[in-house]
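Asker: Coordinates in structure_3.pdb, PDB, C-alpha atoms and all ligand atoms, are listed below.
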ATOM      1  CA  MET A  13       4.555   8.804   2.574
ATOM      2  CA  LEU A  14       6.687  10.500   5.232
ATOM      3  CA  ASN A  15       9.332   8.028   6.383
ATOM      4  CA  VAL A  16      11.553   9.266   9.195
ATOM      5  CA  ILE A  17      14.564   7.591  10.748
ATOM      6  CA  LEU A  18      15.181   8.893  14.257
ATOM      7  CA  PHE A  19      18.807   8.171  14.970
ATOM      8  CA  GLY A  20      21.175   8.640  17.888
ATOM      9  CA  PRO A  21      23.024   6.894  20.691
ATOM     10  CA  PRO A  22      21.280   5.156  23.597
ATOM     11  CA  GLY A  23      19.941   7.861  25.921
ATOM     12  CA  ALA A  24      19.669  10.527  23.204
ATOM     13  CA  GLY A  25      15.882  10.783  23.634
ATOM     14  CA  LYS A  26      14.705   8.856  20.555
ATOM     15  CA  GLY A  27      11.819   7.162  22.393
ATOM     16  CA  THR A  28      10.509  10.399  23.924
ATOM     17  CA  GLN A  29      10.750  12.390  20.693
ATOM     18  CA  SER A  30       9.225   9.532  18.660
ATOM     19  CA  GLN A  31       6.059   9.813  20.752
ATOM     20  CA  ASN A  32       5.779  13.531  19.918
ATOM     21  CA  ILE A  33       6.490  12.979  16.215
ATOM     22  CA  ILE A  34       3.935  10.160  15.902
ATOM     23  CA  LYS A  35       1.207  12.359  17.404
ATOM     24  CA  LYS A  36       1.911  15.416  15.275
ATOM     25  CA  TYR A  37       2.499  13.691  11.918
ATOM     26  CA  GLU A  38       0.316  10.580  12.489
ATOM     27  CA  LEU A  39       3.098   8.130  11.730
ATOM     28  CA  VAL A  40       3.347   4.443  12.595
ATOM     29  CA  HIS A  41       6.086   3.838  15.172
ATOM     30  CA  PHE A  42       8.659   1.052  14.730
ATOM     31  CA  SER A  43      10.946   0.750  17.731
ATOM     32  CA  THR A  44      13.016  -2.407  17.329
ATOM     33  CA  GLY A  45      13.970  -2.203  21.032
ATOM     34  CA  ASP A  46      10.265  -2.103  22.072
ATOM     35  CA  ILE A  47       9.384  -4.931  19.689
ATOM     36  CA  LEU A  48      12.218  -7.072  21.076
ATOM     37  CA  ARG A  49      11.256  -6.327  24.696
ATOM     38  CA  ALA A  50       7.669  -7.384  23.893
ATOM     39  CA  GLU A  51       9.019 -10.633  22.391
ATOM     40  CA  ILE A  52      11.041 -11.236  25.571
ATOM     41  CA  ALA A  53       7.990 -10.570  27.778
ATOM     42  CA  ALA A  54       5.946 -13.020  25.698
ATOM     43  CA  GLN A  55       8.792 -15.563  25.937
ATOM     44  CA  THR A  56       8.755 -16.272  22.207
ATOM     45  CA  ASN A  57      11.677 -18.048  20.523
ATOM     46  CA  LEU A  58      12.781 -14.719  19.073
ATOM     47  CA  GLY A  59      12.598 -13.146  22.533
ATOM     48  CA  ILE A  60      14.645 -15.911  24.135
ATOM     49  CA  ILE A  61      17.408 -15.447  21.546
ATOM     50  CA  ALA A  62      17.259 -11.629  21.652
ATOM     51  CA  LYS A  63      17.568 -11.548  25.448
ATOM     52  CA  LEU A  64      20.995 -13.206  25.253
ATOM     53  CA  TYR A  65      22.281 -10.205  23.316
ATOM     54  CA  MET A  66      20.234  -7.403  24.861
ATOM     55  CA  ASP A  67      21.101  -8.163  28.481
ATOM     56  CA  LYS A  68      24.775  -7.728  27.607
ATOM     57  CA  GLY A  69      24.189  -4.543  25.631
ATOM     58  CA  GLU A  70      25.088  -6.279  22.340
ATOM     59  CA  LEU A  71      23.151  -5.845  19.103
ATOM     60  CA  VAL A  72      20.905  -8.723  18.050
ATOM     61  CA  PRO A  73      22.033 -10.261  14.720
ATOM     62  CA  ASP A  74      21.194  -8.226  11.612
ATOM     63  CA  GLU A  75      18.950 -10.920  10.147
ATOM     64  CA  VAL A  76      16.776 -10.867  13.296
ATOM     65  CA  ALA A  77      16.350  -7.071  13.266
ATOM     66  CA  ILE A  78      15.808  -6.947   9.488
ATOM     67  CA  GLY A  79      13.268  -9.787   9.526
ATOM     68  CA  MET A  80      11.183  -8.023  12.183
ATOM     69  CA  ILE A  81      11.107  -4.739  10.316
ATOM     70  CA  LYS A  82      10.282  -6.314   6.943
ATOM     71  CA  ALA A  83       7.053  -7.818   8.258
ATOM     72  CA  LYS A  84       6.045  -4.495   9.888
ATOM     73  CA  ILE A  85       6.668  -2.435   6.748
ATOM     74  CA  LEU A  86       4.555  -4.725   4.598
ATOM     75  CA  ALA A  87       1.733  -4.632   7.159
ATOM     76  CA  ASN A  88       1.751  -0.799   7.156
ATOM     77  CA  ARG A  89       2.177  -0.177   3.457
ATOM     78  CA  ASN A  90      -0.784   2.247   3.435
ATOM     79  CA  ALA A  91       0.086   4.323   6.499
ATOM     80  CA  LYS A  92       0.642   8.106   6.277
ATOM     81  CA  GLY A  93       4.242   7.433   7.168
ATOM     82  CA  LEU A  94       6.624   5.422   9.307
ATOM     83  CA  ILE A  95       9.110   6.336  11.984
ATOM     84  CA  PHE A  96      12.069   4.075  12.618
ATOM     85  CA  ASP A  97      13.394   4.386  16.166
ATOM     86  CA  GLY A  98      16.514   2.317  16.902
ATOM     87  CA  PHE A  99      16.715   0.950  13.353
ATOM     88  CA  PRO A 100      18.922   0.801  11.312
ATOM     89  CA  ARG A 101      21.828   0.276  13.713
ATOM     90  CA  THR A 102      24.330  -1.150  11.220
ATOM     91  CA  VAL A 103      25.217  -0.276   7.623
ATOM     92  CA  THR A 104      23.904  -3.706   6.566
ATOM     93  CA  GLN A 105      20.534  -2.879   8.137
ATOM     94  CA  ALA A 106      20.510   0.528   6.421
ATOM     95  CA  LYS A 107      21.152  -1.056   3.015
ATOM     96  CA  GLU A 108      18.431  -3.661   3.559
ATOM     97  CA  LEU A 109      15.954  -1.016   4.734
ATOM     98  CA  ASP A 110      16.670   1.011   1.608
ATOM     99  CA  LYS A 111      16.082  -2.020  -0.599
ATOM    100  CA  MET A 112      12.783  -2.826   1.114
ATOM    101  CA  LEU A 113      11.490   0.751   0.970
ATOM    102  CA  GLU A 114      12.668   1.319  -2.614
ATOM    103  CA  SER A 115      10.982  -1.867  -3.794
ATOM    104  CA  GLU A 116       7.736  -0.657  -2.173
ATOM    105  CA  LYS A 117       8.336   2.835  -3.668
ATOM    106  CA  ILE A 118       8.222   4.455  -0.216
ATOM    107  CA  PRO A 119      11.807   5.722   0.325
ATOM    108  CA  VAL A 120      13.266   7.259   3.497
ATOM    109  CA  SER A 121      12.351  10.971   3.593
ATOM    110  CA  ILE A 122      14.834  12.121   6.241
ATOM    111  CA  MET A 123      17.284  10.784   8.801
ATOM    112  CA  ILE A 124      17.327  12.893  11.966
ATOM    113  CA  ALA A 125      20.244  12.285  14.315
ATOM    114  CA  LEU A 126      20.078  13.535  17.902
ATOM    115  CA  ASP A 127      23.449  14.839  19.025
ATOM    116  CA  VAL A 128      24.237  14.361  22.739
ATOM    117  CA  GLU A 129      27.756  14.133  24.178
ATOM    118  CA  HIS A 130      29.063  11.038  25.980
ATOM    119  CA  ASN A 131      29.004  12.216  29.620
ATOM    120  CA  GLU A 132      25.448  13.499  29.290
ATOM    121  CA  LEU A 133      24.362  10.132  27.819
ATOM    122  CA  VAL A 134      25.932   8.217  30.722
ATOM    123  CA  THR A 135      24.205  10.533  33.224
ATOM    124  CA  ARG A 136      20.825  10.100  31.492
ATOM    125  CA  LEU A 137      21.120   6.308  31.212
ATOM    126  CA  ASN A 138      22.206   5.992  34.844
ATOM    127  CA  GLY A 139      19.212   8.122  35.835
ATOM    128  CA  ARG A 140      16.895   5.966  33.737
ATOM    129  CA  ALA A 141      18.060   2.884  35.680
ATOM    130  CA  PHE A 142      15.906   3.964  38.645
ATOM    131  CA  GLU A 143      12.675   4.239  36.697
ATOM    132  CA  SER A 144      13.068   1.478  34.062
ATOM    133  CA  ASP A 145      13.076  -2.259  34.517
ATOM    134  CA  ARG A 146      15.575  -2.674  31.676
ATOM    135  CA  VAL A 147      18.470  -4.941  32.580
ATOM    136  CA  ASP A 148      20.692  -3.049  30.112
ATOM    137  CA  ASP A 149      20.179   0.262  31.989
ATOM    138  CA  LYS A 150      21.199  -1.149  35.377
ATOM    139  CA  ASP A 151      24.925  -1.672  35.023
ATOM    140  CA  ILE A 152      27.506   0.941  34.043
ATOM    141  CA  LYS A 153      29.586  -1.662  32.156
ATOM    142  CA  ILE A 154      26.586  -2.603  29.996
ATOM    143  CA  ILE A 155      25.801   1.081  29.404
ATOM    144  CA  GLU A 156      29.414   1.714  28.333
ATOM    145  CA  ASN A 157      29.260  -1.347  26.053
ATOM    146  CA  ARG A 158      26.111  -0.020  24.340
ATOM    147  CA  LEU A 159      27.750   3.368  23.803
ATOM    148  CA  GLU A 160      30.909   1.741  22.444
ATOM    149  CA  ILE A 161      28.888  -0.376  19.988
ATOM    150  CA  TYR A 162      27.070   2.778  18.921
ATOM    151  CA  ARG A 163      30.370   4.539  18.190
ATOM    152  CA  LYS A 164      31.930   1.588  16.342
ATOM    153  CA  THR A 165      29.033  -0.058  14.522
ATOM    154  CA  THR A 166      26.063   2.299  14.439
ATOM    155  CA  PHE A 167      27.680   5.723  13.915
ATOM    156  CA  PRO A 168      28.890   4.818  10.361
ATOM    157  CA  VAL A 169      25.211   4.567   9.305
ATOM    158  CA  ILE A 170      25.285   8.393   9.257
ATOM    159  CA  ASP A 171      27.520   8.409   6.156
ATOM    160  CA  PHE A 172      25.086   6.159   4.320
ATOM    161  CA  TYR A 173      22.325   8.802   4.616
ATOM    162  CA  LYS A 174      24.727  11.752   4.284
ATOM    163  CA  ASN A 175      25.644  10.410   0.846
ATOM    164  CA  GLN A 176      21.953  10.496  -0.080
ATOM    165  CA  GLY A 177      21.551  14.067   1.232
ATOM    166  CA  LYS A 178      19.027  12.896   3.847
ATOM    167  CA  PHE A 179      21.052  13.367   7.053
ATOM    168  CA  LYS A 180      20.149  16.160   9.520
ATOM    169  CA  LEU A 181      21.971  16.641  12.819
ATOM    170  CA  ILE A 182      19.867  18.081  15.641
ATOM    171  CA  ASP A 183      21.206  19.392  18.941
ATOM    172  CA  GLY A 184      19.787  16.890  21.465
ATOM    173  CA  ILE A 185      20.431  19.097  24.500
ATOM    174  CA  GLY A 186      17.585  21.274  25.792
ATOM    175  CA  THR A 187      14.006  20.811  26.936
ATOM    176  CA  ILE A 188      11.863  18.132  25.283
ATOM    177  CA  ASP A 189       9.773  20.879  23.633
ATOM    178  CA  THR A 190      12.812  22.762  22.320
ATOM    179  CA  ILE A 191      14.306  19.641  20.781
ATOM    180  CA  PHE A 192      10.910  18.710  19.324
ATOM    181  CA  SER A 193      10.661  22.141  17.631
ATOM    182  CA  ARG A 194      14.110  21.617  16.081
ATOM    183  CA  ILE A 195      12.996  18.209  14.760
ATOM    184  CA  CYS A 196       9.721  19.570  13.358
ATOM    185  CA  ALA A 197      11.566  22.388  11.554
ATOM    186  CA  GLU A 198      13.546  19.749   9.626
ATOM    187  CA  ILE A 199      10.605  17.414   8.974
ATOM    188  CA  ASP A 200       8.483  20.304   7.697
ATOM    189  CA  LYS A 201      11.102  20.970   5.009
ATOM    190  CA  VAL A 202      10.621  17.504   3.460
ATOM    191  CA  ILE A 203       6.829  17.273   3.602
TER     192      ILE A 203
HETATM  193  P1  LIG B   1      16.771   0.325  22.345
HETATM  194  O1  LIG B   1      15.480   0.183  23.089
HETATM  195  O2  LIG B   1      16.604   0.925  20.995
HETATM  196  O3  LIG B   1      17.832   1.002  23.166
HETATM  197  O4  LIG B   1      17.315  -1.167  22.064
HETATM  198  C1  LIG B   1      17.600  -2.032  23.148
HETATM  199  C2  LIG B   1      18.419  -3.206  22.655
HETATM  200  O5  LIG B   1      17.693  -3.938  21.661
HETATM  201  C3  LIG B   1      19.741  -2.861  21.978
HETATM  202  O6  LIG B   1      20.802  -2.654  22.917
HETATM  203  C4  LIG B   1      19.973  -4.117  21.148
HETATM  204  O7  LIG B   1      20.405  -5.195  21.940
HETATM  205  C5  LIG B   1      18.565  -4.440  20.661
HETATM  206  N1  LIG B   1      18.249  -3.762  19.388
HETATM  207  C6  LIG B   1      17.309  -2.801  19.189
HETATM  208  N2  LIG B   1      17.276  -2.414  17.910
HETATM  209  C7  LIG B   1      18.235  -3.138  17.274
HETATM  210  C8  LIG B   1      18.712  -3.170  15.929
HETATM  211  N3  LIG B   1      18.197  -2.374  14.980
HETATM  212  N4  LIG B   1      19.722  -4.040  15.644
HETATM  213  C9  LIG B   1      20.259  -4.836  16.579
HETATM  214  N5  LIG B   1      19.861  -4.851  17.874
HETATM  215  C10 LIG B   1      18.859  -4.002  18.223
END
Please go through the file and, once you have read it, give me the structure as structure tokens.
Answerer:
Amino acid sequence: MLNVILFGPPGAGKGTQSQNIIKKYELVHFSTGDILRAEIAAQTNLGIIAKLYMDKGELVPDEVAIGMIKAKILANRNAKGLIFDGFPRTVTQAKELDKMLESEKIPVSIMIALDVEHNELVTRLNGRAFESDRVDDKDIKIIENRLEIYRKTTFPVIDFYKNQGKFKLIDGIGTIDTIFSRICAEIDKVI
């Protein structure tokens, strides 16, 4: 099974590149952000709780994110592979994901991190505000909060996968096709 973690700060292009990767490698897509937004739209209990965090640009509690992913992994045990987009976002989540995948004997194949510098991220997220209906894209303070949480809490996840020799840094600046080719070159090495 090909299990890919697509990693990077908000605005790095994880959602866009995930779509390309899913098509080419026929993977099942797990975007915790998309799952949470669907829960909010459906006004479930989980969605009502998640909205309190998401609207402020905070992370939802680890147990919420981990619980959601656990159920999805078990339901897709026989897929060709999985792509994790926006998960794990904390070292605790990374450790739990490892435990789940190891116990199912389907370990992470590669962690691909998209590298985009701060000012470019702010420009992209501000631009996205016009086309998205996401509350967390609409306010520069919330955008800055999300980027700060990425730097403090999410960035250390890189070391977790570096220590396993699974971390690959990809230049996230360029056309969508150029970046996709860089990603494929790395994935093709682990197939
Ligand atoms: P995204 O669509 O990946 O940018 O995620 C949007 C928001 O959903 C984040 O700002 C968090 O509030 C929440 N979220 C998504 N994934 C996670 C996660 N793995 N852990 C905690 N919160 C998450």
Asker: Quick one: residues within 9 Å of (4.9, 5.3, 9.9) (file frame), counting only C-alpha atoms, please, as number ranges by chain.
Answerer: A: 13-16, 34, 37-42, 85, 88-89, 91-96
Asker: Considering all atoms listed in the file, state which residue in the set A:Leu181, A:Ala125, A:Val147, A:Ile78 is at the smallest distance from Tyr65 of chain A.
Answerer: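 Of A:Leu181, A:Ala125, A:Val147, A:Ile78, the one nearest Tyr65 of chain A, counting all atoms listed in the file, is A:Val147.
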Asker: Using only C-alpha atoms, which of the listed residues (A:Leu113, A:Ala77, A:Ile17, A:Ile155) sits closest to Ile61 of chain A?
Answerer: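 Looking at the shortest contact to Ile61 of chain A, the residue is A:Ala77.
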Asker: Ligand LIG 1 (chain B): which residues are within 8 Å, counting all atoms listed in the file? Reply as a short mmCIF file (atom, residue, chain, number, x, y, z; two decimals) with C-alpha atoms, in the frame of the given file.
Answerer:
data_model
loop_
_atom_site.label_atom_id
_atom_site.label_comp_id
_atom_site.auth_asym_id
_atom_site.auth_seq_id
_atom_site.Cartn_x
_atom_site.Cartn_y
_atom_site.Cartn_z
CA PRO A 22 21.28 5.16 23.60
CA GLY A 23 19.94 7.86 25.92
CA GLY A 27 11.82 7.16 22.39
CA SER A 43 10.95 0.75 17.73
CA THR A 44 13.02 -2.41 17.33
CA GLY A 45 13.97 -2.20 21.03
CA ASP A 46 10.26 -2.10 22.07
CA LEU A 48 12.22 -7.07 21.08
CA ARG A 49 11.26 -6.33 24.70
CA ALA A 62 17.26 -11.63 21.65
CA LYS A 63 17.57 -11.55 25.45
CA TYR A 65 22.28 -10.20 23.32
CA MET A 66 20.23 -7.40 24.86
CA ASP A 67 21.10 -8.16 28.48
CA LYS A 68 24.78 -7.73 27.61
CA GLY A 69 24.19 -4.54 25.63
CA GLU A 70 25.09 -6.28 22.34
CA LEU A 71 23.15 -5.84 19.10
CA VAL A 72 20.90 -8.72 18.05
CA PRO A 73 22.03 -10.26 14.72
CA ASP A 74 21.19 -8.23 11.61
CA VAL A 76 16.78 -10.87 13.30
CA ALA A 77 16.35 -7.07 13.27
CA ILE A 78 15.81 -6.95 9.49
CA ASP A 97 13.39 4.39 16.17
CA GLY A 98 16.51 2.32 16.90
CA PHE A 99 16.72 0.95 13.35
CA PRO A 100 18.92 0.80 11.31
CA ARG A 101 21.83 0.28 13.71
CA THR A 102 24.33 -1.15 11.22
CA GLN A 105 20.53 -2.88 8.14
CA ASP A 148 20.69 -3.05 30.11
CA ARG A 158 26.11 -0.02 24.34
#
Asker: What's the separation between atom CA of Pro119 of chain A and atom CA of Glu75 of chain A, in Å to one decimal place?
Answerer: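 Rounded to one decimal, the two atoms are 20.6 Å apart.
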Asker: Find the residues with any atom within 12 Å of (22.9, 9.0, 29.6); use all atoms listed in the file and the coordinates as given in the file, and write the answer as a short mmCIF file (atom, residue, chain, number, x, y, z; two decimals) with C-alpha atoms, keeping the file's coordinate frame.
Answerer:
data_model
loop_
_atom_site.label_atom_id
_atom_site.label_comp_id
_atom_site.auth_asym_id
_atom_site.auth_seq_id
_atom_site.Cartn_x
_atom_site.Cartn_y
_atom_site.Cartn_z
CA GLY A 20 21.18 8.64 17.89
CA PRO A 21 23.02 6.89 20.69
CA PRO A 22 21.28 5.16 23.60
CA GLY A 23 19.94 7.86 25.92
CA ALA A 24 19.67 10.53 23.20
CA GLY A 25 15.88 10.78 23.63
CA VAL A 128 24.24 14.36 22.74
CA GLU A 129 27.76 14.13 24.18
CA HIS A 130 29.06 11.04 25.98
CA ASN A 131 29.00 12.22 29.62
CA GLU A 132 25.45 13.50 29.29
CA LEU A 133 24.36 10.13 27.82
CA VAL A 134 25.93 8.22 30.72
CA THR A 135 24.20 10.53 33.22
CA ARG A 136 20.82 10.10 31.49
CA LEU A 137 21.12 6.31 31.21
CA ASN A 138 22.21 5.99 34.84
CA GLY A 139 19.21 8.12 35.84
CA ARG A 140 16.90 5.97 33.74
CA ALA A 141 18.06 2.88 35.68
CA ASP A 149 20.18 0.26 31.99
CA LYS A 150 21.20 -1.15 35.38
CA ILE A 152 27.51 0.94 34.04
CA ILE A 155 25.80 1.08 29.40
CA GLU A 156 29.41 1.71 28.33
CA ARG A 158 26.11 -0.02 24.34
CA LEU A 159 27.75 3.37 23.80
CA GLY A 184 19.79 16.89 21.46
CA ILE A 185 20.43 19.10 24.50
#
Asker: Which residue is closest to Ser121 of chain A? Choose from A:Leu58, A:Val103, A:Ile199, A:Ala50 and count all atoms listed in the file.
Answerer: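 Nearest to Ser121 of chain A: A:Ile199.
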Asker: Using all atoms listed in the file, which residue out of A:Ile161, A:Gln55, A:Leu64, A:Tyr173 lies closest to Val120 of chain A?
Answerer: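 Under the stated criterion, the closest residue is A:Tyr173.
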Asker: Go through A:Ile188, A:Ile33, A:Ala106, A:Lys111 one by one, measure the shortest atom-to-atom distance of each to Phe167 of chain A using all atoms listed in the file, and give the residue with the smallest value.
Answerer: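 Smallest distance to Phe167 of chain A is found for A:Ala106.
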Asker: Please indicate the distance in Å from atom CA of Lys201 of chain A to atom CA of Lys36 of chain A, rounded to one decimal place.
Answerer: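 Atom CA of Lys36 of chain A lies at a distance of 14.9 Å from atom CA of Lys201 of chain A.
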Asker: What is the atom CA of Glu143 of chain A to atom CA of Ala54 of chain A distance in Å?
Answerer: 21.5 Å
Asker: Would you compute an axis-aligned box for segment 26-36 of chain A, covering every atom listed for it in the file with 6 Å of margin on each side, and report centre and edge lengths in Å to one decimal as JSON?
Answerer:
{"center_x": 8.0, "center_y": 11.3, "center_z": 19.6, "size_x": 25.5, "size_y": 20.3, "size_z": 20.6}
Asker: Which residue out of A:Met123, A:Ala87, A:Ile47, A:Ile60 has the minimum interatomic distance to Lys174 of chain A when all atoms listed in the file are used?
Answerer: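 Closest to Lys174 of chain A, using all atoms listed in the file: A:Met123.
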Asker: Carefully work through the PyMOL selection byres (((chain A and resi 194) around 12) and not hetatm) for this structure and note down the residues it includes, as a list in words.
Answerer: Gln29, Ile33, Ile124, Ala125, Leu126, Asp127, Lys180, Leu181, Ile182, Asp183, Gly184, Ile185, Gly186, Thr187, Ile188, Asp189, Thr190, Ile191, Phe192, Ser193, Ile195, Cys196, Ala197, Glu198, Ile199, Asp200 and Lys201 of chain A
